[in-house]
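*Asks:* Structure in structure tokens, see below.
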Amino acid sequence: MTTVLEVSNLRVSFPGANHTRFSPVDGVSFSLERGKTLALVGESGSGKSLTSLALLQLIPDPGRIEAGSSIRLGETDVLALKGEALRRIRGRRIGMIFQDPMTSLNPVFTVEAQITEGIHAHFKVSRAEARDRALRLLQEVGIPDPAERLKAYPHQLSGGMRQRVMIAIALSAEPEILVADEPTTALDVTVQAQILEVLDDLRSRRGMAVLLITHDLGIVAGRADRVAVMYAGQIVEEAPTSALFANPSHPYTQGLFASVPRISGPLRRLTPIRGTVPAPAAWPSGCRFRPRCPQAFDRSEIEPPLLSVGPDHRMRCWLAEEPGKSTAR
Amino acid sequence: MTEALDVLLGAWRDPRGRFGALVLLVVALAALIGPLVLPDPLAQPDVLRASRPPATQHPFGTDQLSRDVLSRVVTGARISLSVALLAVTLSMTLGAAVGIVAGYWGGAVDATLMRLVDGALAIPRLFILLLLLAVWERVPLLPLIFLIGVTGWFATSRLVRGEVLRLREEGYVRAAEALGARRRRIIFRHLLPNALGPLLVAATLAIGDVILLEAGLSFLGLGIQPPTPSWGGMILDSREVMVSAPWTGIFPGLAIVITVLSANLFGDALRDAVDPRSA
């Protein structure tokens, strides 16, 4: 096991009303292993996308990464990088795939121009060599007739094709880490499966570490080695995928599973989680899930740390210390 | 680039745009070819042929110094159009540069630049120019173009800054940043081409403005210096003979009106082509 990326105590803050700052990402820690996939799961507003943007210092103005946060990429302290040094790791060490392939491609340039952009940004190669690499990348992500597709403009491609092009772009500078921010959200279910297949394939062939960001527990099963569940800017449960699916322990994770319909097993009513994720400026004190939690109890008024609930399985809930109270399935 | 091309085609489909474009084309052609075939606009005075009304030999008549008015209007078009084109190119370049720097860098750079632009916009351009030109007295052509150019980019920089702010939020700009694309490349490949449409509109409308401005300055005797013919200067000269030889002032006046009107019509059509909602 080689750790390629180590994020600890990541806090991203934005200015709020009356000169206060609030933190949509509040103390997130995780690490990525070479050749493994970590899934970061959470609802909209849980801070998972900001977490991924922070990895490359791409937090939009006026947000900032708070002191005390640390992102280590091998020997490199990412947060200490600026200017040219920062540019050199963007795309080269960490590649990113964005959610919406419709807007993430520039409508006025061909596929070739956009893939070779990453190649030229990081390698001194001739145009012909860059085109050659782009061609191979398109083959690698499973695009038929790649020589023709190189000349195509984004509007001439289907959604699935565009997402494959996006993946090819993210791979263009041969990064060791691939961050995929909801890579399949904008796509049909059948195309989703194909894209996830491509990502899985690349991971095992290139030995990349993958950070898969999603709100869909369904695509996590069987794809990710580990899962981290985010709620209100924090990781509330983290475990190997099998352990998490076998024994979801945090009431929020349990709520997520209870709200997903199942094909097999006895018929049961779906149980939604009450309410919605509060806005980052209005997070409650104590456990942040407390107002929506069916199992909240007196200790929930104190903010829980990550507590162990099994081998390599931790959650941010006091129930971990009170086995009698837990209502795990 | 395709977007700018689409915009041009869109403007061509608009009758106003087509009219404006065709008239401008005719004026430009006349300015290019006219001086080659018409009598010398700087011909030596010949008292016998001074202040003749329009006739076959001199379709626009002659002025009090016996020079062919048509020839002078056409040569004036050459001057007016080149001044406008060069000055507008300069101000668009400056405006685009400042707008991109402000919009893309943001923060204190943006705030400083935009407050300076606010200040500059608060002073009427004509006042600045009058002041500078009055100090200079007889100003040569190139410095005149330069002065008009450097006083014309303030509004453009705001426009471009707004475009850049919008484009910066586009997925592909963020994607290019995440890919480690160089700043120069992001600016020239992703920001500038996509901001070209609005810039084209601003440039076309600015051409009309600059022609008027130059005519106004020349009329005040502060712009193009005689004997070089200019439309504003010709109207200035015709003041004394306005009653006895009105053609000396009417034709350059018409030239100004038609050219500026065409530029503005074309600009309006371009604007509607850039943003169909404003139609």
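Please note that chains go A, B, ... in the order of the structure tokens, that every chain numbers its residues from 1, and that ligands are numbered from 1 in the order shown.
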Taking 4 positions as the minimum chain separation for residues in the same chain, which residues sit within 8 Å of range 267-271 of chain A when counting only C-alpha atoms? Answer as a ChimeraX atom specification.
*Replies:* /A:255,258-261
*Asks:* Take the residues just selected and output them with C-alpha atoms as a compact mmCIF listing (two decimals), in the first residue's frame.
*Replies:*
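Written output follows (out_21.txt):
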# COMPACT_ATOMS: atom_id res chain seq x y z
CA GLY A 255 -30.75 6.87 6.51
CA ALA A 258 -33.06 3.28 3.93
CA SER A 259 -34.00 5.83 1.30
CA VAL A 260 -32.70 3.77 -1.64
CA PRO A 261 -35.20 1.36 -3.21
*Asks:* If we count only C-alpha atoms, which residues of chain A reach to within 8 Å of chain B? Please list them as a list of chain:residue names.
*Replies:*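 My answer is A:Leu56, A:Leu58, A:Arg87, A:Arg88, A:Ile89, A:Arg90, A:Gly91, A:Arg92, A:Gly95, A:Met96, A:Ile97, A:Phe98, A:Asp100, A:Thr103, A:Ser104, A:Leu105, A:Asn106, A:Val108, A:Glu117, A:Gly118, A:Ala121, A:His122, A:Ile169, A:Ala170.
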*Asks:* Give me every alpha helix (DSSP H) residue in range 121-175 of chain B, going by DSSP on the backbone, as a VMD selection string.
*Replies:* chain B and resid 121 to 122 125 to 136 141 to 150 154 to 168 171 to 175
*Asks:* Report the closest atom pair, with its distance in Å rounded to one decimal, for each residue of range 83-180 of chain B that has an atom no farther than 12 Å from range 227-238 of chain B; count only C-alpha atoms, sort by chain and then rising residue number, and write it as CSV.
*Replies:*
residue,atom,partner,partner_atom,distance
B:Val83,CA,B:Ser230,CA,10.6
B:Pro140,CA,B:Thr228,CA,10.9
B:Leu141,CA,B:Thr228,CA,9.9
*Asks:* Restricting the output to N, CA and C atoms, write the selected residues as a short mmCIF file (atom, residue, chain, number, x, y, z; two decimals), in the first residue's frame.
*Replies:*
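The result, stored in selection-v8.cif:
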data_model
loop_
_atom_site.label_atom_id
_atom_site.label_comp_id
_atom_site.auth_asym_id
_atom_site.auth_seq_id
_atom_site.Cartn_x
_atom_site.Cartn_y
_atom_site.Cartn_z
N VAL B 83 -8.32 57.17 -39.31
CA VAL B 83 -8.23 57.62 -37.92
C VAL B 83 -9.13 56.74 -37.06
N PRO B 140 0.12 66.63 -35.00
CA PRO B 140 0.27 65.75 -36.16
C PRO B 140 -0.74 64.59 -36.12
N LEU B 141 -0.90 63.93 -37.26
CA LEU B 141 -1.94 62.92 -37.39
C LEU B 141 -1.77 61.75 -36.42
#
